[in-house]
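Engineer: For reference, the structure I am asking about is given below.
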Amino acid sequence: MDQQFLRKLLNQISVSGCEESGQKVLKEYMGQYADEIRSDEMGNVICIANPDSPVRIMLSAHADEIGLLVTRITESGRIQAIERGGIIPATYPGQKVQILTGKGIVYDLKAADLLIDIGATSKEEAARYVALGDTIVPDTGMRELINGRITARALDDRIGVFIIMEALRRAQEK
């Protein structure tokens with residue numbers, strides 16, 4: 001089991017509709033194991049073993065996650081967002097979040113009522129760091145627990161991808 005691949009996959013920010021970073025990790029890792037890797041018009045990554053075989057088996061999983069999408073920067077520099085997926089808004093106030101921007105990840109200092117405070121004092125200052133359409137997730141990466149267990153944001157989706165890729169990797173070894 002490649003724990004480094006699992007950790008990298010779990011730590012990607014791949015909010016629904018903005019899944020490129022997770023897809024990139026998958027393609028890079030599976031390039032050494034899959035006989036062929038394709039992407040369709042929706043961005044789905046398709047890893048193929050033995051493409052000429054008359055027997056075909058499809059295993060499917062998804063690696064996106066619920067989160068928020070930046071829709072507005074207020075005059076005071078706070079970030080306003082809408083949900084992407086089935087978030088529970090009541091769980092966000094007071095939580096730390098990560099904003100995936102074109103320039104990297106921006107961390108907030110405090111969140112309240114889905115107005116996210118990144119420490120900016122004006123709209124112009126905030127706009128130097130965050131753009132409309134950037135994605136936001138809770139600031140929780142993979143954590144190791146006792147007895148070899150783990151917890152992570154989007155674990156329910158990405159563990160399925162990991163299991164399928166691990167199965168393909170092991171099948172290719174045989």
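Every chain in the structure tokens takes a letter, A first, then B, and so on in the order presented; its residues are numbered from 1, and the ligands are numbered from 1 following the presented order.
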Restrict the calculation to only C-alpha atoms, then for each residue of region 23-129 of chain A with any atom at most 8 Å from an atom of region 4-13 of chain A give the closest atom pair and their distance in Å to one decimal, rows by chain and rising residue number, as a Markdown table.
Structural biologist:
| residue | atom | partner | partner_atom | distance |
| --- | --- | --- | --- | --- |
| A:Val25 | CA | A:Leu9 | CA | 6.6 |
| A:Leu26 | CA | A:Leu9 | CA | 7.4 |
| A:Tyr29 | CA | A:Phe5 | CA | 7.3 |
| A:Glu65 | CA | A:Ile13 | CA | 7.9 |
| A:Leu100 | CA | A:Ile13 | CA | 7.0 |
Engineer: Could the residues in this selection be saved with N, CA and C atoms as a short mmCIF file (atom, residue, chain, number, x, y, z; two decimals), in the first residue's frame?
Structural biologist:
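Wrote it out as again30.cif, contents follow:
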data_model
loop_
_atom_site.label_atom_id
_atom_site.label_comp_id
_atom_site.auth_asym_id
_atom_site.auth_seq_id
_atom_site.Cartn_x
_atom_site.Cartn_y
_atom_site.Cartn_z
N VAL A 25 -2.68 14.67 -9.57
CA VAL A 25 -1.99 13.72 -8.68
C VAL A 25 -2.25 12.29 -9.14
N LEU A 26 -3.49 12.00 -9.48
CA LEU A 26 -3.86 10.67 -9.94
C LEU A 26 -3.12 10.30 -11.22
N TYR A 29 0.72 9.71 -10.58
CA TYR A 29 1.01 8.47 -9.88
C TYR A 29 0.73 7.26 -10.75
N GLU A 65 -14.93 16.87 -3.60
CA GLU A 65 -15.33 17.12 -2.21
C GLU A 65 -16.25 18.32 -2.15
N LEU A 100 -8.04 27.81 -2.12
CA LEU A 100 -7.14 27.45 -3.21
C LEU A 100 -7.22 28.53 -4.27
#
Engineer: Name all residues at most 7 Å from Glu36 (chain A) (count only C-alpha atoms; drop same-chain ones fewer than 4 positions away) and give them as number ranges by chain.
Structural biologist: A: 47-49
Engineer: If we count only C-alpha atoms, what is near region 138-146 of chain A at a cut-off of 6 Å, once residues fewer than 6 positions away on the same chain are taken out, given as an MDAnalysis selection string?
Structural biologist: chainID A and resid 11 96:98 152
Engineer: Selected residues, N, CA, C and O atoms, written as a PDB file, in the first residue's frame, please.
Structural biologist:
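selection22.pdb, freshly written:
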ATOM      1  N   ASN A  11      -4.797  15.097   0.615  1.00  0.00           N
ATOM      2  CA  ASN A  11      -4.499  16.492   0.930  1.00  0.00           C
ATOM      3  C   ASN A  11      -4.778  17.458  -0.214  1.00  0.00           C
ATOM      4  O   ASN A  11      -4.580  18.664  -0.068  1.00  0.00           O
ATOM      5  N   LYS A  96     -11.376  27.148  10.728  1.00  0.00           N
ATOM      6  CA  LYS A  96     -10.302  27.547   9.829  1.00  0.00           C
ATOM      7  C   LYS A  96     -10.602  26.935   8.468  1.00  0.00           C
ATOM      8  O   LYS A  96     -11.135  25.836   8.385  1.00  0.00           O
ATOM      9  N   VAL A  97     -10.269  27.658   7.388  1.00  0.00           N
ATOM     10  CA  VAL A  97     -10.456  27.131   6.041  1.00  0.00           C
ATOM     11  C   VAL A  97      -9.200  27.386   5.218  1.00  0.00           C
ATOM     12  O   VAL A  97      -8.326  28.166   5.610  1.00  0.00           O
ATOM     13  N   GLN A  98      -9.117  26.718   4.060  1.00  0.00           N
ATOM     14  CA  GLN A  98      -8.067  26.946   3.078  1.00  0.00           C
ATOM     15  C   GLN A  98      -8.748  27.446   1.810  1.00  0.00           C
ATOM     16  O   GLN A  98      -9.759  26.902   1.406  1.00  0.00           O
ATOM     17  N   ALA A 152      -9.587  12.212   7.393  1.00  0.00           N
ATOM     18  CA  ALA A 152      -9.257  13.249   6.418  1.00  0.00           C
ATOM     19  C   ALA A 152     -10.537  13.823   5.830  1.00  0.00           C
ATOM     20  O   ALA A 152     -11.568  13.157   5.799  1.00  0.00           O
TER      21      ALA A 152
END
Engineer: Which residue, A:Asn50, A:Thr121, A:Gln23, A:Ser16, has the smallest gap to Ala171 (chain A) when you use only C-alpha atoms?
Structural biologist: A:Asn50
Engineer: May I have the residues within 7 Å of region 77-82 of chain A as a list in words, using only C-alpha atoms and disregarding those fewer than 5 positions away in the same chain?
Structural biologist: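 Listing them by chain and then by number gives Leu68, Leu69, Val70, Thr71, Arg72, Leu114, Leu115, Ile116, Asp117, Ile118, Ala120, Thr121, Ser122, Lys123, Glu125 and Ala126 of chain A.
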Engineer: Take the residues from that selection and write them out as a compact mmCIF listing (two decimals), in the first residue's frame, keeping C-alpha atoms.
Structural biologist:
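Everything below was put into again-v8.txt:
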# COMPACT_ATOMS: atom_id res chain seq x y z
CA LEU A 68 -17.31 26.71 -0.99
CA LEU A 69 -16.69 28.95 -4.00
CA VAL A 70 -15.63 32.60 -3.67
CA THR A 71 -18.36 34.83 -5.11
CA ARG A 72 -17.61 38.27 -3.68
CA LEU A 114 -19.64 32.45 5.93
CA LEU A 115 -17.83 35.77 5.71
CA ILE A 116 -14.23 34.62 5.71
CA ASP A 117 -11.55 36.78 7.26
CA ILE A 118 -8.11 36.33 5.66
CA ALA A 120 -7.13 41.85 4.67
CA THR A 121 -8.26 45.36 5.57
CA SER A 122 -9.78 46.30 2.20
CA LYS A 123 -11.33 44.81 -0.92
CA GLU A 125 -5.88 44.02 -0.49
CA ALA A 126 -7.99 40.85 -0.41
Engineer: Contacts of His62 (chain A) at 8 Å or less, counting only C-alpha atoms, minus same-chain residues fewer than 2 places along, as a ChimeraX atom specification?
Structural biologist: /A:60,64,157-158,160-161
Engineer: Take the residues just selected and output them with all heavy atoms as a PDB file, in the first residue's frame.
Structural biologist:
ATOM      1  N   SER A  60     -15.321   2.225 -10.556  1.00  0.00           N
ATOM      2  CA  SER A  60     -15.553   3.657 -10.617  1.00  0.00           C
ATOM      3  C   SER A  60     -15.634   4.255  -9.215  1.00  0.00           C
ATOM      4  O   SER A  60     -16.214   3.664  -8.310  1.00  0.00           O
ATOM      5  CB  SER A  60     -16.869   3.911 -11.373  1.00  0.00           C
ATOM      6  OG  SER A  60     -17.165   5.272 -11.383  1.00  0.00           O
ATOM      7  N   ASP A  64     -13.996  14.141  -5.784  1.00  0.00           N
ATOM      8  CA  ASP A  64     -14.290  15.530  -5.471  1.00  0.00           C
ATOM      9  C   ASP A  64     -14.689  15.662  -4.003  1.00  0.00           C
ATOM     10  O   ASP A  64     -14.749  14.677  -3.278  1.00  0.00           O
ATOM     11  CB  ASP A  64     -15.377  16.076  -6.400  1.00  0.00           C
ATOM     12  CG  ASP A  64     -16.717  15.382  -6.226  1.00  0.00           C
ATOM     13  OD1 ASP A  64     -16.747  14.224  -5.766  1.00  0.00           O
ATOM     14  OD2 ASP A  64     -17.741  15.988  -6.555  1.00  0.00           O
ATOM     15  N   ASP A 157     -14.902   9.857  -0.284  1.00  0.00           N
ATOM     16  CA  ASP A 157     -14.799   9.801  -1.745  1.00  0.00           C
ATOM     17  C   ASP A 157     -13.451   9.252  -2.190  1.00  0.00           C
ATOM     18  O   ASP A 157     -13.370   8.362  -3.028  1.00  0.00           O
ATOM     19  CB  ASP A 157     -14.976  11.202  -2.346  1.00  0.00           C
ATOM     20  CG  ASP A 157     -16.390  11.728  -2.190  1.00  0.00           C
ATOM     21  OD1 ASP A 157     -17.280  10.953  -1.798  1.00  0.00           O
ATOM     22  OD2 ASP A 157     -16.601  12.916  -2.455  1.00  0.00           O
ATOM     23  N   ARG A 158     -12.405   9.768  -1.624  1.00  0.00           N
ATOM     24  CA  ARG A 158     -11.067   9.465  -2.134  1.00  0.00           C
ATOM     25  C   ARG A 158     -10.553   8.089  -1.753  1.00  0.00           C
ATOM     26  O   ARG A 158      -9.693   7.548  -2.451  1.00  0.00           O
ATOM     27  CB  ARG A 158     -10.109  10.545  -1.684  1.00  0.00           C
ATOM     28  CG  ARG A 158     -10.504  11.856  -2.320  1.00  0.00           C
ATOM     29  CD  ARG A 158      -9.515  12.932  -2.120  1.00  0.00           C
ATOM     30  NE  ARG A 158     -10.102  14.162  -2.646  1.00  0.00           N
ATOM     31  CZ  ARG A 158      -9.885  15.338  -2.135  1.00  0.00           C
ATOM     32  NH1 ARG A 158      -9.083  15.476  -1.106  1.00  0.00           N
ATOM     33  NH2 ARG A 158     -10.448  16.399  -2.660  1.00  0.00           N
ATOM     34  N   GLY A 160     -12.182   5.427  -2.063  1.00  0.00           N
ATOM     35  CA  GLY A 160     -12.628   4.584  -3.168  1.00  0.00           C
ATOM     36  C   GLY A 160     -11.674   4.669  -4.352  1.00  0.00           C
ATOM     37  O   GLY A 160     -11.329   3.657  -4.968  1.00  0.00           O
ATOM     38  N   VAL A 161     -11.223   5.885  -4.680  1.00  0.00           N
ATOM     39  CA  VAL A 161     -10.250   6.072  -5.761  1.00  0.00           C
ATOM     40  C   VAL A 161      -8.956   5.336  -5.406  1.00  0.00           C
ATOM     41  O   VAL A 161      -8.391   4.618  -6.238  1.00  0.00           O
ATOM     42  CB  VAL A 161      -9.971   7.573  -5.995  1.00  0.00           C
ATOM     43  CG1 VAL A 161      -8.817   7.776  -6.969  1.00  0.00           C
ATOM     44  CG2 VAL A 161     -11.224   8.277  -6.485  1.00  0.00           C
TER      45      VAL A 161
END
Engineer: If you run DSSP over the backbone, which residues in chain A end up strand (DSSP E)? Put them as a PDB file with N, CA and C atoms, in the first residue's frame.
Structural biologist:
ATOM      1  N   GLU A  36      -2.632   2.798 -20.087  1.00  0.00           N
ATOM      2  CA  GLU A  36      -3.171   3.953 -20.792  1.00  0.00           C
ATOM      3  C   GLU A  36      -3.951   4.804 -19.801  1.00  0.00           C
ATOM      4  N   ILE A  37      -3.831   6.122 -19.929  1.00  0.00           N
ATOM      5  CA  ILE A  37      -4.606   7.053 -19.098  1.00  0.00           C
ATOM      6  C   ILE A  37      -5.301   8.014 -20.039  1.00  0.00           C
ATOM      7  N   ARG A  38      -6.596   8.153 -19.859  1.00  0.00           N
ATOM      8  CA  ARG A  38      -7.407   9.062 -20.670  1.00  0.00           C
ATOM      9  C   ARG A  38      -8.140  10.031 -19.752  1.00  0.00           C
ATOM     10  N   SER A  39      -8.543  11.141 -20.336  1.00  0.00           N
ATOM     11  CA  SER A  39      -9.464  12.063 -19.665  1.00  0.00           C
ATOM     12  C   SER A  39     -10.594  12.321 -20.631  1.00  0.00           C
ATOM     13  N   VAL A  45     -10.743  11.013 -15.018  1.00  0.00           N
ATOM     14  CA  VAL A  45      -9.502  10.308 -15.314  1.00  0.00           C
ATOM     15  C   VAL A  45      -9.834   8.829 -15.429  1.00  0.00           C
ATOM     16  N   ILE A  46      -9.402   8.232 -16.542  1.00  0.00           N
ATOM     17  CA  ILE A  46      -9.684   6.821 -16.806  1.00  0.00           C
ATOM     18  C   ILE A  46      -8.343   6.107 -16.937  1.00  0.00           C
ATOM     19  N   CYS A  47      -8.052   5.212 -16.009  1.00  0.00           N
ATOM     20  CA  CYS A  47      -6.810   4.446 -16.011  1.00  0.00           C
ATOM     21  C   CYS A  47      -7.121   3.048 -16.529  1.00  0.00           C
ATOM     22  N   ILE A  48      -6.376   2.610 -17.529  1.00  0.00           N
ATOM     23  CA  ILE A  48      -6.684   1.366 -18.211  1.00  0.00           C
ATOM     24  C   ILE A  48      -5.516   0.396 -18.101  1.00  0.00           C
ATOM     25  N   GLY A  67     -17.456  21.898  -0.613  1.00  0.00           N
ATOM     26  CA  GLY A  67     -16.726  23.070  -0.154  1.00  0.00           C
ATOM     27  C   GLY A  67     -17.475  24.323  -0.506  1.00  0.00           C
ATOM     28  N   LEU A  68     -16.746  25.396  -0.672  1.00  0.00           N
ATOM     29  CA  LEU A  68     -17.313  26.706  -0.989  1.00  0.00           C
ATOM     30  C   LEU A  68     -16.605  27.282  -2.205  1.00  0.00           C
ATOM     31  N   LEU A  69     -17.239  28.264  -2.837  1.00  0.00           N
ATOM     32  CA  LEU A  69     -16.688  28.946  -4.000  1.00  0.00           C
ATOM     33  C   LEU A  69     -16.770  30.445  -3.744  1.00  0.00           C
ATOM     34  N   VAL A  70     -15.660  31.156  -3.901  1.00  0.00           N
ATOM     35  CA  VAL A  70     -15.627  32.601  -3.667  1.00  0.00           C
ATOM     36  C   VAL A  70     -16.507  33.295  -4.701  1.00  0.00           C
ATOM     37  N   THR A  71     -17.448  34.109  -4.218  1.00  0.00           N
ATOM     38  CA  THR A  71     -18.360  34.833  -5.113  1.00  0.00           C
ATOM     39  C   THR A  71     -18.245  36.355  -4.992  1.00  0.00           C
ATOM     40  N   ARG A  72     -17.648  36.817  -3.892  1.00  0.00           N
ATOM     41  CA  ARG A  72     -17.606  38.268  -3.677  1.00  0.00           C
ATOM     42  C   ARG A  72     -16.539  38.591  -2.649  1.00  0.00           C
ATOM     43  N   ILE A  73     -15.910  39.730  -2.832  1.00  0.00           N
ATOM     44  CA  ILE A  73     -15.004  40.270  -1.822  1.00  0.00           C
ATOM     45  C   ILE A  73     -15.624  41.568  -1.352  1.00  0.00           C
ATOM     46  N   ILE A  79     -14.283  37.638   2.544  1.00  0.00           N
ATOM     47  CA  ILE A  79     -14.631  36.794   1.414  1.00  0.00           C
ATOM     48  C   ILE A  79     -16.031  36.234   1.618  1.00  0.00           C
ATOM     49  N   GLN A  80     -16.877  36.367   0.612  1.00  0.00           N
ATOM     50  CA  GLN A  80     -18.214  35.774   0.649  1.00  0.00           C
ATOM     51  C   GLN A  80     -18.223  34.616  -0.344  1.00  0.00           C
ATOM     52  N   ALA A  81     -18.946  33.547   0.003  1.00  0.00           N
ATOM     53  CA  ALA A  81     -18.895  32.340  -0.816  1.00  0.00           C
ATOM     54  C   ALA A  81     -20.253  31.656  -0.881  1.00  0.00           C
ATOM     55  N   ILE A  82     -20.375  30.761  -1.858  1.00  0.00           N
ATOM     56  CA  ILE A  82     -21.545  29.902  -1.960  1.00  0.00           C
ATOM     57  C   ILE A  82     -21.090  28.461  -1.828  1.00  0.00           C
ATOM     58  N   GLU A  83     -22.027  27.594  -1.516  1.00  0.00           N
ATOM     59  CA  GLU A  83     -21.671  26.192  -1.322  1.00  0.00           C
ATOM     60  C   GLU A  83     -21.528  25.452  -2.641  1.00  0.00           C
ATOM     61  N   ARG A  84     -20.630  24.479  -2.647  1.00  0.00           N
ATOM     62  CA  ARG A  84     -20.448  23.544  -3.758  1.00  0.00           C
ATOM     63  C   ARG A  84     -20.618  22.163  -3.161  1.00  0.00           C
ATOM     64  N   VAL A  97     -10.269  27.658   7.388  1.00  0.00           N
ATOM     65  CA  VAL A  97     -10.456  27.131   6.041  1.00  0.00           C
ATOM     66  C   VAL A  97      -9.200  27.386   5.218  1.00  0.00           C
ATOM     67  N   GLN A  98      -9.117  26.718   4.060  1.00  0.00           N
ATOM     68  CA  GLN A  98      -8.067  26.946   3.078  1.00  0.00           C
ATOM     69  C   GLN A  98      -8.748  27.446   1.810  1.00  0.00           C
ATOM     70  N   ILE A  99      -8.179  28.467   1.184  1.00  0.00           N
ATOM     71  CA  ILE A  99      -8.703  28.963  -0.081  1.00  0.00           C
ATOM     72  C   ILE A  99      -7.664  28.630  -1.145  1.00  0.00           C
ATOM     73  N   LEU A 100      -8.042  27.808  -2.123  1.00  0.00           N
ATOM     74  CA  LEU A 100      -7.139  27.451  -3.211  1.00  0.00           C
ATOM     75  C   LEU A 100      -7.219  28.533  -4.273  1.00  0.00           C
ATOM     76  N   THR A 101      -6.144  29.288  -4.425  1.00  0.00           N
ATOM     77  CA  THR A 101      -6.097  30.393  -5.378  1.00  0.00           C
ATOM     78  C   THR A 101      -5.101  30.057  -6.491  1.00  0.00           C
ATOM     79  N   GLY A 104      -1.659  29.906  -4.957  1.00  0.00           N
ATOM     80  CA  GLY A 104      -1.401  29.001  -3.839  1.00  0.00           C
ATOM     81  C   GLY A 104      -2.530  29.055  -2.836  1.00  0.00           C
ATOM     82  N   ILE A 105      -2.317  28.428  -1.695  1.00  0.00           N
ATOM     83  CA  ILE A 105      -3.350  28.351  -0.662  1.00  0.00           C
ATOM     84  C   ILE A 105      -3.249  29.551   0.265  1.00  0.00           C
ATOM     85  N   VAL A 106      -4.390  30.189   0.535  1.00  0.00           N
ATOM     86  CA  VAL A 106      -4.482  31.280   1.500  1.00  0.00           C
ATOM     87  C   VAL A 106      -5.246  30.734   2.693  1.00  0.00           C
ATOM     88  N   TYR A 107      -4.730  30.932   3.886  1.00  0.00           N
ATOM     89  CA  TYR A 107      -5.396  30.470   5.103  1.00  0.00           C
ATOM     90  C   TYR A 107      -6.113  31.631   5.757  1.00  0.00           C
ATOM     91  N   LYS A 110     -10.164  33.722  10.841  1.00  0.00           N
ATOM     92  CA  LYS A 110     -11.413  33.496  11.555  1.00  0.00           C
ATOM     93  C   LYS A 110     -12.552  33.528  10.543  1.00  0.00           C
ATOM     94  N   ALA A 111     -13.526  32.656  10.718  1.00  0.00           N
ATOM     95  CA  ALA A 111     -14.690  32.682   9.824  1.00  0.00           C
ATOM     96  C   ALA A 111     -15.943  32.861  10.654  1.00  0.00           C
ATOM     97  N   ALA A 112     -16.875  33.648  10.162  1.00  0.00           N
ATOM     98  CA  ALA A 112     -18.144  33.846  10.868  1.00  0.00           C
ATOM     99  C   ALA A 112     -19.237  34.127   9.846  1.00  0.00           C
ATOM    100  N   LEU A 115     -18.705  34.676   6.127  1.00  0.00           N
ATOM    101  CA  LEU A 115     -17.826  35.767   5.707  1.00  0.00           C
ATOM    102  C   LEU A 115     -16.456  35.372   6.232  1.00  0.00           C
ATOM    103  N   ILE A 116     -15.526  35.171   5.335  1.00  0.00           N
ATOM    104  CA  ILE A 116     -14.234  34.615   5.706  1.00  0.00           C
ATOM    105  C   ILE A 116     -13.208  35.729   5.824  1.00  0.00           C
ATOM    106  N   ASP A 117     -12.538  35.749   6.942  1.00  0.00           N
ATOM    107  CA  ASP A 117     -11.554  36.784   7.256  1.00  0.00           C
ATOM    108  C   ASP A 117     -10.166  36.227   6.972  1.00  0.00           C
ATOM    109  N   THR A 135     -11.695  28.202  -4.726  1.00  0.00           N
ATOM    110  CA  THR A 135     -12.444  27.248  -3.907  1.00  0.00           C
ATOM    111  C   THR A 135     -11.942  27.237  -2.468  1.00  0.00           C
ATOM    112  N   ILE A 136     -12.848  26.857  -1.569  1.00  0.00           N
ATOM    113  CA  ILE A 136     -12.580  26.901  -0.132  1.00  0.00           C
ATOM    114  C   ILE A 136     -12.987  25.574   0.488  1.00  0.00           C
ATOM    115  N   VAL A 137     -12.137  25.050   1.366  1.00  0.00           N
ATOM    116  CA  VAL A 137     -12.451  23.832   2.115  1.00  0.00           C
ATOM    117  C   VAL A 137     -12.036  24.029   3.567  1.00  0.00           C
ATOM    118  N   PRO A 138     -12.580  23.231   4.471  1.00  0.00           N
ATOM    119  CA  PRO A 138     -12.096  23.295   5.854  1.00  0.00           C
ATOM    120  C   PRO A 138     -10.602  22.993   5.892  1.00  0.00           C
ATOM    121  N   ARG A 143      -4.980  13.132   9.025  1.00  0.00           N
ATOM    122  CA  ARG A 143      -4.403  12.955  10.365  1.00  0.00           C
ATOM    123  C   ARG A 143      -4.306  11.468  10.661  1.00  0.00           C
ATOM    124  N   GLU A 144      -3.196  11.070  11.240  1.00  0.00           N
ATOM    125  CA  GLU A 144      -3.047   9.681  11.654  1.00  0.00           C
ATOM    126  C   GLU A 144      -3.576   9.537  13.071  1.00  0.00           C
ATOM    127  N   ILE A 150      -6.849   6.492  10.079  1.00  0.00           N
ATOM    128  CA  ILE A 150      -6.670   7.860   9.603  1.00  0.00           C
ATOM    129  C   ILE A 150      -8.015   8.566   9.542  1.00  0.00           C
ATOM    130  N   THR A 151      -7.940   9.883   9.487  1.00  0.00           N
ATOM    131  CA  THR A 151      -9.111  10.708   9.235  1.00  0.00           C
ATOM    132  C   THR A 151      -8.680  11.789   8.247  1.00  0.00           C
TER     133      THR A 151
END
